[in-house]
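In what follows, a single structure is set out as C-alpha cells and then discussed.
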Amino acid sequence: EEKKELEGLKYQSGFGNHFSSEAIAGALPLDQNSPLLCPYGLYAEQISGTSFTSPRKLNQRSWLYRVKPSVTHEPFKPRVPAHKKLVSEFDASNSRTNPTQLRWRPEDIPDSEIDFVDGLFTICGAGSSFLRHGFAIHMYVANTGMKDSAFCNADGDFLLVPQTGRLWIETECGRLLVTPGEIAVIPQGFRFSIDLPDGKSRGYVAEIYGAHFQLPDLGPIGANGLAASRDFLAPTAWFEDGLRPEYTIVQKFGGELFTAKQDFSPFNVVAWHGNYVPYKYDLKKFCPYNTVLLDHGDPSINTVLTAPTDKPGVALLDFVIFPPRWLVAEHTFRPPYYHRNCMSEFMGLIYGAYEAKADGFLPGGASLHSCMTPHGPDTTTYEATIARVNAMAPSKLTGTMAFMFESALIPRVCHWALESPFLDHDYYQCWIGLKSHFSRISLDKTNVESTEKEPGASE
C-alpha cells in the first residue's frame, strides 16, 4: 500500500510557473487572495521568498489555504541537545582556510538511529545567513525517518542531492519522492519532513543565503538544451487534518536549531497557488551540449541551476553536472584540463566513476578545490589518455553522474571536516606521479619541419 502511494504521486510541470493546486475542489478562493471567509473555513497565509517590492520578474510568493495557520505554536526554544555541526556564519571560530586540494571518502551511515536533521553536517561555506549573502555545503547520513517533526530552514534554500536511498519528502505544498539521480529544492521557510523508504540514505546539500536558484541563460546555444523548464516537477496539494499532540517544528535560524511544539501537522494546506514552491528534477533528463571538433568545453556548459550575484556572469552558487555523453573531439585531451580557477569547486559523485579521477573518488565521496588551487586529471587518467593518441575514436561516457557546486566566494572548511577520519590525506599522491614528457629533440624537429615548409623571409 505504501509502495502504491509512493509511485502514484502526481506533479505539476514547469520551472518558475505560477501554479494552482487544491486537494478539495473549490478550496482556492476566487478573484482574491484573502477573502473575509475562505472556502471550507480555511485560513489564508502568504509565504514570501522575496521582498514585497522585488521586481515582478524576480518576485516569489505563494498563498496557502490551511486548516490552522502556522503561527499556532508554543514559543521556540533552543533545541536540546544542540546540533554542533551546522554553520551559517563562517569565521575563524568554526572553520579554517585551507588552499590544499581536499578529498573525502564516503561517510559511513551509522547503525544507531539517526534522522535527516541529526545526520546533517556542514563541510564548508562562506558568508553569512545574517547578512543574506553566502552559501554552505553540507552532507547527510540517515537511517530513519523524521517522527512527528518537521524541519524549517529560515537561513536559506536547500538543494538536496541524494546519493543512496530515496527521500520521501512531505512539504506544505505536497509530497515529493526523490530518487538518487534526482535533486530537490526546498525554498527558504518551507516546513518539510523526510522519511526514508529504503531505510538508509546519504547525500549532499547546498544551501544559499539571500538568493534563489534559477535556470541559466543559454546565450548562443539558443532556445533549447541543458535543463528544460517542463522537466521540473512541483507537488500537488495534499493535507493532513486532526490532532497531532506534541508535534515538533525544528527551525534552523542563524545556523542554530530551535524547537516549538504544536498540536497539529504543518502539512495541513488544503489548497495553494503561487510561484514559491518546492520542486524536483531528474538529472537524466538533462540535454548536454559538448564540443564536436576540438578542445574541451568549460564545465559551465553543464549548469543545471544557478544562483546569481549582482555581478553579471558571476554565481553565488552554480549546480553543474557531468552526465553520460559522447566524447568526439579530435586531436584533443578529452578529460577536463588542468586548471586554476577564480571560482571554488566542491565535487560529489552520485554513481559510477568520474572521468578525471580513475581511483579514489568514490560515490558518496567529495572533493574541494578552492580558489586558485590547481587541479585536474590524476596520473593514471592522464597517462591512459595520451597512450590512446592513435586510437581516439568517438567514445561514450556511460554509467556515471558526478556534480559540482561552484561559487565565486572562497570557502572556509569546518574543523570537523578537516579532522574527519574520512579525509583522504593521500589525495595529493594522485598527481605526484605526473612526469615530464618534455623533449628538446621532438621540439627542435617540429621547428625544423615547420621552417622547411615555410618560405624564407627574403622571398
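Following the order of the C-alpha cells, first chain is A, next is B, and so on, with residues numbered from 1 inside each chain and ligands from 1 in the order they appear.
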Exercise for review: Tell me which protein, DNA and RNA residues are within 7 Å of range 92-105 of chain A, counting only C-alpha atoms, leaving out same-chain ones fewer than 4 positions away, and put them as a ChimeraX atom specification.
Suggested key: /A:362,365-370,373,412-415,422-424,427
Check your understanding: Residues at most 12 Å from range 429-443 of chain A, counting only C-alpha atoms, excluding those fewer than 2 positions away in the same chain, as number ranges by chain?
Key -> A: 101-103, 338, 356-361, 374-384, 386, 424-427, 445-450
Suppose we keep C-alpha atoms; can you now write the selection as a short mmCIF file (atom, residue, chain, number, x, y, z; two decimals), in the first residue's frame?
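For reference, selection_39.cif as written:
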```
data_model
loop_
_atom_site.label_atom_id
_atom_site.label_comp_id
_atom_site.auth_asym_id
_atom_site.auth_seq_id
_atom_site.Cartn_x
_atom_site.Cartn_y
_atom_site.Cartn_z
CA GLN A 101 43.28 20.04 -2.60
CA LEU A 102 40.94 18.12 -0.27
CA ARG A 103 39.10 14.87 -0.77
CA TYR A 338 44.45 21.14 -15.71
CA ALA A 356 39.16 12.75 -14.47
CA LYS A 357 39.83 10.51 -11.47
CA ALA A 358 40.45 6.84 -12.14
CA ASP A 359 40.94 5.94 -8.48
CA GLY A 360 39.99 7.21 -5.06
CA PHE A 361 36.99 9.43 -5.91
CA PRO A 374 45.46 23.76 -9.12
CA HIS A 375 43.61 20.59 -10.01
CA GLY A 376 42.95 18.25 -12.91
CA PRO A 377 43.20 14.61 -14.05
CA ASP A 378 45.17 12.21 -11.91
CA THR A 379 48.31 10.47 -13.17
CA THR A 380 46.52 7.27 -14.21
CA THR A 381 43.91 9.16 -16.23
CA TYR A 382 46.48 11.39 -17.94
CA GLU A 383 48.80 8.53 -18.93
CA ALA A 384 45.93 6.34 -20.16
CA ILE A 386 47.77 10.16 -24.04
CA ASP A 424 41.96 11.37 2.34
CA HIS A 425 45.39 12.54 3.48
CA ASP A 426 47.00 10.89 0.44
CA TYR A 427 44.90 12.75 -2.13
CA LYS A 445 62.40 18.52 -35.02
CA THR A 446 58.98 20.15 -35.14
CA ASN A 447 60.55 23.56 -35.54
CA VAL A 448 62.84 22.35 -38.35
CA GLU A 449 59.96 20.77 -40.24
CA SER A 450 57.91 23.93 -39.80
#
```
Closest-contact table, range 72-105 of chain A side, partner range 153-158 of chain A, 12 Å, counting only C-alpha atoms, as CSV:
```
residue,atom,partner,partner_atom,distance
A:Leu86,CA,A:Asp155,CA,11.5
A:Val87,CA,A:Asp155,CA,10.4
A:Ser88,CA,A:Asp155,CA,7.5
A:Glu89,CA,A:Asp155,CA,10.2
```
Review point. So which one's closest to Pro29 in chain A, A:Gly203, A:Gly41, A:Gly119, A:Pro235? Using only C-alpha atoms, please.
Key: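 Closest candidate: A:Gly41.
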Go through range 47-157 of chain A residue by residue and, counting only C-alpha atoms, keep those with an atom at most 10 Å from range 253-260 of chain A; for each kept residue give the shortest atom pair and its distance in Å to one decimal, ordered by chain and increasing number, as JSON lines.
```
{"residue": "A:Thr72", "atom": "CA", "partner": "A:Ala260", "partner_atom": "CA", "distance": 9.9}
{"residue": "A:His73", "atom": "CA", "partner": "A:Ala260", "partner_atom": "CA", "distance": 6.4}
{"residue": "A:Glu74", "atom": "CA", "partner": "A:Ala260", "partner_atom": "CA", "distance": 5.5}
{"residue": "A:Pro75", "atom": "CA", "partner": "A:Ala260", "partner_atom": "CA", "distance": 5.8}
{"residue": "A:Phe76", "atom": "CA", "partner": "A:Ala260", "partner_atom": "CA", "distance": 4.6}
{"residue": "A:Lys77", "atom": "CA", "partner": "A:Phe258", "partner_atom": "CA", "distance": 5.2}
{"residue": "A:Pro78", "atom": "CA", "partner": "A:Phe258", "partner_atom": "CA", "distance": 4.4}
{"residue": "A:Arg79", "atom": "CA", "partner": "A:Phe258", "partner_atom": "CA", "distance": 4.7}
{"residue": "A:Val80", "atom": "CA", "partner": "A:Phe258", "partner_atom": "CA", "distance": 8.5}
{"residue": "A:Pro81", "atom": "CA", "partner": "A:Leu257", "partner_atom": "CA", "distance": 9.5}
{"residue": "A:Ala82", "atom": "CA", "partner": "A:Leu257", "partner_atom": "CA", "distance": 6.9}
{"residue": "A:His83", "atom": "CA", "partner": "A:Leu257", "partner_atom": "CA", "distance": 6.8}
{"residue": "A:Lys84", "atom": "CA", "partner": "A:Glu256", "partner_atom": "CA", "distance": 8.3}
{"residue": "A:Lys85", "atom": "CA", "partner": "A:Gly255", "partner_atom": "CA", "distance": 9.0}
{"residue": "A:Leu86", "atom": "CA", "partner": "A:Gly255", "partner_atom": "CA", "distance": 5.7}
{"residue": "A:Val87", "atom": "CA", "partner": "A:Gly255", "partner_atom": "CA", "distance": 4.9}
{"residue": "A:Ser88", "atom": "CA", "partner": "A:Gly255", "partner_atom": "CA", "distance": 4.6}
{"residue": "A:Glu89", "atom": "CA", "partner": "A:Gly255", "partner_atom": "CA", "distance": 7.3}
{"residue": "A:Val117", "atom": "CA", "partner": "A:Leu257", "partner_atom": "CA", "distance": 9.6}
{"residue": "A:Thr122", "atom": "CA", "partner": "A:Gly255", "partner_atom": "CA", "distance": 9.9}
{"residue": "A:Ser128", "atom": "CA", "partner": "A:Gly254", "partner_atom": "CA", "distance": 8.4}
{"residue": "A:Ser129", "atom": "CA", "partner": "A:Gly254", "partner_atom": "CA", "distance": 6.2}
{"residue": "A:Phe130", "atom": "CA", "partner": "A:Gly254", "partner_atom": "CA", "distance": 6.5}
{"residue": "A:Ser149", "atom": "CA", "partner": "A:Thr259", "partner_atom": "CA", "distance": 9.5}
{"residue": "A:Ala150", "atom": "CA", "partner": "A:Thr259", "partner_atom": "CA", "distance": 9.8}
{"residue": "A:Phe151", "atom": "CA", "partner": "A:Thr259", "partner_atom": "CA", "distance": 9.3}
{"residue": "A:Cys152", "atom": "CA", "partner": "A:Phe253", "partner_atom": "CA", "distance": 8.8}
{"residue": "A:Asn153", "atom": "CA", "partner": "A:Phe253", "partner_atom": "CA", "distance": 6.8}
{"residue": "A:Ala154", "atom": "CA", "partner": "A:Phe253", "partner_atom": "CA", "distance": 5.3}
{"residue": "A:Asp155", "atom": "CA", "partner": "A:Phe253", "partner_atom": "CA", "distance": 5.7}
{"residue": "A:Gly156", "atom": "CA", "partner": "A:Phe253", "partner_atom": "CA", "distance": 9.4}
```
Check your understanding: Pick the closest to Asp195 in chain A from A:Val292, A:Leu6, A:Ala237, A:Ala211: which is it, counting only C-alpha atoms?
Key -> A:Leu6
Check your understanding: Quick one: residues within 8 Å of Asp263 in chain A, only C-alpha atoms counted, chain neighbours fewer than 4 positions away excluded, as a PyMOL selection string?
Key -> chain A and resi 73+243-247
Store the residues picked out above in a file with N, CA, C and O atoms, as a JSON list (two decimals), in the first residue's frame.
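File written: out.json
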```
[["chain", "number", "residue", "atom", "x", "y", "z"],
["A", 73, "HIS", "N", 1.69, 27.92, 17.55],
["A", 73, "HIS", "CA", 2.65, 27.02, 18.21],
["A", 73, "HIS", "C", 3.17, 27.68, 19.48],
["A", 73, "HIS", "O", 3.04, 28.90, 19.68],
["A", 243, "LEU", "N", -5.75, 16.06, 15.21],
["A", 243, "LEU", "CA", -4.78, 16.37, 16.26],
["A", 243, "LEU", "C", -3.50, 15.56, 16.09],
["A", 243, "LEU", "O", -3.53, 14.38, 15.75],
["A", 244, "ARG", "N", -2.38, 16.22, 16.31],
["A", 244, "ARG", "CA", -1.07, 15.55, 16.37],
["A", 244, "ARG", "C", -0.36, 16.07, 17.62],
["A", 244, "ARG", "O", 0.47, 16.98, 17.55],
["A", 245, "PRO", "N", -0.71, 15.53, 18.80],
["A", 245, "PRO", "CA", -0.14, 16.04, 20.04],
["A", 245, "PRO", "C", 1.39, 16.00, 20.05],
["A", 245, "PRO", "O", 1.99, 15.05, 19.53],
["A", 246, "GLU", "N", 1.99, 17.04, 20.58],
["A", 246, "GLU", "CA", 3.44, 17.12, 20.76],
["A", 246, "GLU", "C", 4.20, 17.10, 19.43],
["A", 246, "GLU", "O", 5.34, 16.63, 19.36],
["A", 247, "TYR", "N", 3.57, 17.58, 18.36],
["A", 247, "TYR", "CA", 4.29, 17.70, 17.09],
["A", 247, "TYR", "C", 5.36, 18.79, 17.24],
["A", 247, "TYR", "O", 5.11, 19.84, 17.83]]
```
Non-local contacts of Leu409 in chain A (8 Å; only C-alpha atoms; under 6 positions in same chain excluded) as a PDB file with all heavy atoms, in the first residue's frame:
```pdb
ATOM      1  N   ALA A 126      30.859  29.956   2.989  1.00  0.00           N
ATOM      2  CA  ALA A 126      31.378  31.321   3.035  1.00  0.00           C
ATOM      3  C   ALA A 126      30.216  32.270   3.246  1.00  0.00           C
ATOM      4  O   ALA A 126      29.077  31.983   2.860  1.00  0.00           O
ATOM      5  CB  ALA A 126      32.120  31.670   1.739  1.00  0.00           C
ATOM      6  N   GLY A 127      30.513  33.414   3.843  1.00  0.00           N
ATOM      7  CA  GLY A 127      29.491  34.426   4.017  1.00  0.00           C
ATOM      8  C   GLY A 127      28.677  34.208   5.278  1.00  0.00           C
ATOM      9  O   GLY A 127      29.106  33.535   6.219  1.00  0.00           O
ATOM     10  N   GLY A 134      25.853  34.406   0.860  1.00  0.00           N
ATOM     11  CA  GLY A 134      26.794  33.323   1.120  1.00  0.00           C
ATOM     12  C   GLY A 134      26.186  31.972   0.801  1.00  0.00           C
ATOM     13  O   GLY A 134      25.082  31.867   0.240  1.00  0.00           O
ATOM     14  N   LEU A 316      26.796  33.083  -7.142  1.00  0.00           N
ATOM     15  CA  LEU A 316      26.907  32.749  -5.727  1.00  0.00           C
ATOM     16  C   LEU A 316      27.093  31.246  -5.600  1.00  0.00           C
ATOM     17  O   LEU A 316      27.915  30.764  -4.821  1.00  0.00           O
ATOM     18  CB  LEU A 316      25.640  33.196  -4.986  1.00  0.00           C
ATOM     19  CG  LEU A 316      25.549  32.845  -3.511  1.00  0.00           C
ATOM     20  CD1 LEU A 316      26.593  33.608  -2.719  1.00  0.00           C
ATOM     21  CD2 LEU A 316      24.160  33.130  -2.976  1.00  0.00           C
ATOM     22  N   MET A 343      36.995  30.689  -9.258  1.00  0.00           N
ATOM     23  CA  MET A 343      35.867  30.123  -8.526  1.00  0.00           C
ATOM     24  C   MET A 343      36.374  28.963  -7.666  1.00  0.00           C
ATOM     25  O   MET A 343      37.458  28.430  -7.901  1.00  0.00           O
ATOM     26  CB  MET A 343      34.801  29.618  -9.496  1.00  0.00           C
ATOM     27  CG  MET A 343      34.338  30.625 -10.520  1.00  0.00           C
ATOM     28  SD  MET A 343      33.214  31.868  -9.855  1.00  0.00           S
ATOM     29  CE  MET A 343      31.657  30.974  -9.942  1.00  0.00           C
ATOM     30  N   SER A 344      35.589  28.558  -6.682  1.00  0.00           N
ATOM     31  CA  SER A 344      35.910  27.395  -5.853  1.00  0.00           C
ATOM     32  C   SER A 344      34.957  26.267  -6.198  1.00  0.00           C
ATOM     33  O   SER A 344      33.759  26.496  -6.419  1.00  0.00           O
ATOM     34  CB  SER A 344      35.809  27.753  -4.368  1.00  0.00           C
ATOM     35  OG  SER A 344      36.797  28.699  -4.014  1.00  0.00           O
TER      36      SER A 344
END
```
Practice item. Give the strand (DSSP E or B) residues of range 320-385 of chain A, as assigned by DSSP on the backbone, as a PyMOL selection string. Key: chain A and resi 320-322+325-327+339+344-351+366-369+375
Written file, previous selection with N, CA, C and O atoms, as a PDB file, in the first residue's frame:
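Result file follows (selection_36.pdb):
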```
ATOM      1  N   VAL A 320      26.339  22.155 -11.235  1.00  0.00           N
ATOM      2  CA  VAL A 320      26.809  21.670 -12.536  1.00  0.00           C
ATOM      3  C   VAL A 320      26.911  20.151 -12.478  1.00  0.00           C
ATOM      4  O   VAL A 320      27.331  19.591 -11.461  1.00  0.00           O
ATOM      5  N   ILE A 321      26.531  19.458 -13.553  1.00  0.00           N
ATOM      6  CA  ILE A 321      26.651  18.005 -13.568  1.00  0.00           C
ATOM      7  C   ILE A 321      27.554  17.544 -14.715  1.00  0.00           C
ATOM      8  O   ILE A 321      27.789  18.273 -15.677  1.00  0.00           O
ATOM      9  N   PHE A 322      28.059  16.331 -14.560  1.00  0.00           N
ATOM     10  CA  PHE A 322      28.883  15.691 -15.587  1.00  0.00           C
ATOM     11  C   PHE A 322      28.211  14.372 -15.941  1.00  0.00           C
ATOM     12  O   PHE A 322      28.544  13.315 -15.404  1.00  0.00           O
ATOM     13  N   ARG A 325      27.615  11.041 -21.854  1.00  0.00           N
ATOM     14  CA  ARG A 325      27.601  11.797 -23.113  1.00  0.00           C
ATOM     15  C   ARG A 325      28.676  11.230 -24.035  1.00  0.00           C
ATOM     16  O   ARG A 325      29.587  10.529 -23.603  1.00  0.00           O
ATOM     17  N   TRP A 326      28.566  11.578 -25.306  1.00  0.00           N
ATOM     18  CA  TRP A 326      29.572  11.172 -26.286  1.00  0.00           C
ATOM     19  C   TRP A 326      30.767  12.125 -26.229  1.00  0.00           C
ATOM     20  O   TRP A 326      30.601  13.334 -26.090  1.00  0.00           O
ATOM     21  N   LEU A 327      31.969  11.554 -26.371  1.00  0.00           N
ATOM     22  CA  LEU A 327      33.200  12.329 -26.466  1.00  0.00           C
ATOM     23  C   LEU A 327      33.752  12.123 -27.873  1.00  0.00           C
ATOM     24  O   LEU A 327      34.064  11.001 -28.267  1.00  0.00           O
ATOM     25  N   HIS A 339      43.843  23.023 -14.326  1.00  0.00           N
ATOM     26  CA  HIS A 339      43.142  24.292 -14.180  1.00  0.00           C
ATOM     27  C   HIS A 339      43.416  24.933 -12.826  1.00  0.00           C
ATOM     28  O   HIS A 339      43.580  24.253 -11.825  1.00  0.00           O
ATOM     29  N   SER A 344      35.589  28.558  -6.682  1.00  0.00           N
ATOM     30  CA  SER A 344      35.910  27.395  -5.853  1.00  0.00           C
ATOM     31  C   SER A 344      34.957  26.267  -6.198  1.00  0.00           C
ATOM     32  O   SER A 344      33.759  26.496  -6.419  1.00  0.00           O
ATOM     33  N   GLU A 345      35.483  25.044  -6.233  1.00  0.00           N
ATOM     34  CA  GLU A 345      34.726  23.907  -6.744  1.00  0.00           C
ATOM     35  C   GLU A 345      34.634  22.792  -5.706  1.00  0.00           C
ATOM     36  O   GLU A 345      35.647  22.256  -5.272  1.00  0.00           O
ATOM     37  N   PHE A 346      33.406  22.432  -5.339  1.00  0.00           N
ATOM     38  CA  PHE A 346      33.145  21.275  -4.485  1.00  0.00           C
ATOM     39  C   PHE A 346      32.489  20.224  -5.360  1.00  0.00           C
ATOM     40  O   PHE A 346      31.465  20.495  -5.996  1.00  0.00           O
ATOM     41  N   MET A 347      33.059  19.030  -5.391  1.00  0.00           N
ATOM     42  CA  MET A 347      32.535  17.976  -6.260  1.00  0.00           C
ATOM     43  C   MET A 347      32.029  16.798  -5.458  1.00  0.00           C
ATOM     44  O   MET A 347      32.553  16.469  -4.392  1.00  0.00           O
ATOM     45  N   GLY A 348      30.987  16.160  -5.995  1.00  0.00           N
ATOM     46  CA  GLY A 348      30.464  14.925  -5.437  1.00  0.00           C
ATOM     47  C   GLY A 348      30.200  13.930  -6.548  1.00  0.00           C
ATOM     48  O   GLY A 348      30.132  14.295  -7.727  1.00  0.00           O
ATOM     49  N   LEU A 349      30.041  12.682  -6.182  1.00  0.00           N
ATOM     50  CA  LEU A 349      29.807  11.618  -7.160  1.00  0.00           C
ATOM     51  C   LEU A 349      28.594  10.814  -6.710  1.00  0.00           C
ATOM     52  O   LEU A 349      28.578  10.260  -5.601  1.00  0.00           O
ATOM     53  N   ILE A 350      27.565  10.787  -7.559  1.00  0.00           N
ATOM     54  CA  ILE A 350      26.337  10.080  -7.213  1.00  0.00           C
ATOM     55  C   ILE A 350      26.474   8.599  -7.536  1.00  0.00           C
ATOM     56  O   ILE A 350      26.150   7.735  -6.716  1.00  0.00           O
ATOM     57  N   TYR A 351      26.945   8.284  -8.730  1.00  0.00           N
ATOM     58  CA  TYR A 351      27.223   6.881  -9.072  1.00  0.00           C
ATOM     59  C   TYR A 351      28.253   6.822 -10.193  1.00  0.00           C
ATOM     60  O   TYR A 351      28.518   7.816 -10.874  1.00  0.00           O
ATOM     61  N   ALA A 366      33.646  13.185  -1.754  1.00  0.00           N
ATOM     62  CA  ALA A 366      33.617  14.589  -2.149  1.00  0.00           C
ATOM     63  C   ALA A 366      35.029  15.122  -2.277  1.00  0.00           C
ATOM     64  O   ALA A 366      35.983  14.535  -1.743  1.00  0.00           O
ATOM     65  N   SER A 367      35.166  16.230  -3.008  1.00  0.00           N
ATOM     66  CA  SER A 367      36.462  16.910  -3.097  1.00  0.00           C
ATOM     67  C   SER A 367      36.217  18.413  -3.103  1.00  0.00           C
ATOM     68  O   SER A 367      35.144  18.879  -3.475  1.00  0.00           O
ATOM     69  N   LEU A 368      37.231  19.149  -2.688  1.00  0.00           N
ATOM     70  CA  LEU A 368      37.159  20.605  -2.678  1.00  0.00           C
ATOM     71  C   LEU A 368      38.445  21.168  -3.253  1.00  0.00           C
ATOM     72  O   LEU A 368      39.534  20.889  -2.749  1.00  0.00           O
ATOM     73  N   HIS A 369      38.304  21.945  -4.329  1.00  0.00           N
ATOM     74  CA  HIS A 369      39.432  22.660  -4.939  1.00  0.00           C
ATOM     75  C   HIS A 369      39.082  24.147  -4.865  1.00  0.00           C
ATOM     76  O   HIS A 369      38.234  24.630  -5.606  1.00  0.00           O
ATOM     77  N   HIS A 375      44.217  21.908 -10.028  1.00  0.00           N
ATOM     78  CA  HIS A 375      43.606  20.585 -10.009  1.00  0.00           C
ATOM     79  C   HIS A 375      43.451  20.092 -11.438  1.00  0.00           C
ATOM     80  O   HIS A 375      43.652  20.841 -12.392  1.00  0.00           O
TER      81      HIS A 375
END
```
Exercise for review: Pick out the closest residue to Arg388 in chain A from this set: A:Tyr354, A:Gly26, A:Ile249, A:Arg334. Count only C-alpha atoms.
Suggested key: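 The answer is A:Arg334, which sits nearest to Arg388 in chain A.
If you look at CA of Leu42 in chain A and CA of Lys57 in chain A, they are 29.5 Å away from each other.
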**Study point:** All residues 10 Å or closer to Lys285 in chain A, only C-alpha atoms, same chain fewer than 6 positions away omitted, as a PyMOL selection string
**Key:** chain A and resi 182+226-228+231-232+323
Limited to N, CA and C atoms, could you put the picked residues into a file as a CSV table (one decimal), in the first residue's frame?
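Dumped to selection33.csv:
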```
chain,number,residue,atom,x,y,z
A,182,GLU,N,18.1,12.2,-8.9
A,182,GLU,CA,17.3,13.3,-8.9
A,182,GLU,C,17.7,14.3,-7.9
A,226,LEU,N,20.3,21.9,-22.3
A,226,LEU,CA,20.5,21.8,-20.9
A,226,LEU,C,19.3,21.4,-20.1
A,227,ALA,N,18.9,22.0,-19.0
A,227,ALA,CA,17.7,21.5,-18.3
A,227,ALA,C,16.5,22.2,-18.8
A,228,ALA,N,15.5,21.5,-19.2
A,228,ALA,CA,14.2,22.0,-19.8
A,228,ALA,C,13.3,22.4,-18.6
A,231,ASP,N,10.7,19.9,-17.3
A,231,ASP,CA,11.1,18.7,-16.6
A,231,ASP,C,11.2,18.9,-15.1
A,232,PHE,N,11.0,20.1,-14.6
A,232,PHE,CA,11.0,20.4,-13.2
A,232,PHE,C,9.6,20.1,-12.7
A,323,PRO,N,27.2,14.4,-16.9
A,323,PRO,CA,26.4,13.3,-17.1
A,323,PRO,C,27.0,12.4,-18.2
```
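The interatomic distance for the pair CA of Val161 in chain A and CA of Tyr204 in chain A works out to 5.0 Å.
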Within 8 Å of Ile47 in chain A, counting only C-alpha atoms, which residues qualify if same-chain residues fewer than 4 places away don't, as a short mmCIF file (atom, residue, chain, number, x, y, z; two decimals) with N, CA, C and O atoms, in the first residue's frame?
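Written file, out-v8.cif:
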```cif
data_model
loop_
_atom_site.label_atom_id
_atom_site.label_comp_id
_atom_site.auth_asym_id
_atom_site.auth_seq_id
_atom_site.Cartn_x
_atom_site.Cartn_y
_atom_site.Cartn_z
N ARG A 61 6.35 34.36 -4.32
CA ARG A 61 5.47 34.20 -3.16
C ARG A 61 4.38 33.20 -3.50
O ARG A 61 4.05 32.98 -4.66
N SER A 62 3.83 32.59 -2.45
CA SER A 62 2.68 31.69 -2.62
C SER A 62 1.67 31.95 -1.51
O SER A 62 2.03 32.40 -0.41
N TRP A 63 0.40 31.68 -1.84
CA TRP A 63 -0.68 31.76 -0.87
C TRP A 63 -1.10 30.34 -0.50
O TRP A 63 -1.38 29.51 -1.39
N LEU A 64 -1.15 30.07 0.81
CA LEU A 64 -1.50 28.75 1.32
C LEU A 64 -2.83 28.86 2.06
O LEU A 64 -3.04 29.79 2.86
N GLY A 189 12.22 28.75 4.34
CA GLY A 189 11.00 28.97 5.10
C GLY A 189 9.97 27.87 5.02
O GLY A 189 9.06 27.82 5.86
N TYR A 276 6.31 30.28 -5.50
CA TYR A 276 7.31 29.96 -4.49
C TYR A 276 6.96 28.58 -3.95
O TYR A 276 6.00 28.42 -3.18
#
```
Check your understanding: Any idea what the distance is between CA of Asp318 in chain A and CA of Pro55 in chain A?
Key ->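 These two atoms are separated by 22.5 Å.
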Check your understanding: Which residue, A:Phe405, A:Arg191, A:Thr53, A:Pro335, has the smallest gap to Lys252 in chain A when you use only C-alpha atoms?
Key ->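 Under the stated criterion, the closest residue is A:Arg191.
In this comparison, which uses only C-alpha atoms, the residue of A:Leu293, A:Leu177, A:Leu283, A:Leu160 approaching Leu9 in chain A most closely is A:Leu177.
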Study note, to complete from the structure: Residue with the minimum atom-to-atom distance to Gln188 in chain A, picked from A:Asn59, A:Asn224, A:Ser48, A:Thr400 with only C-alpha atoms counted, is A:Ser48
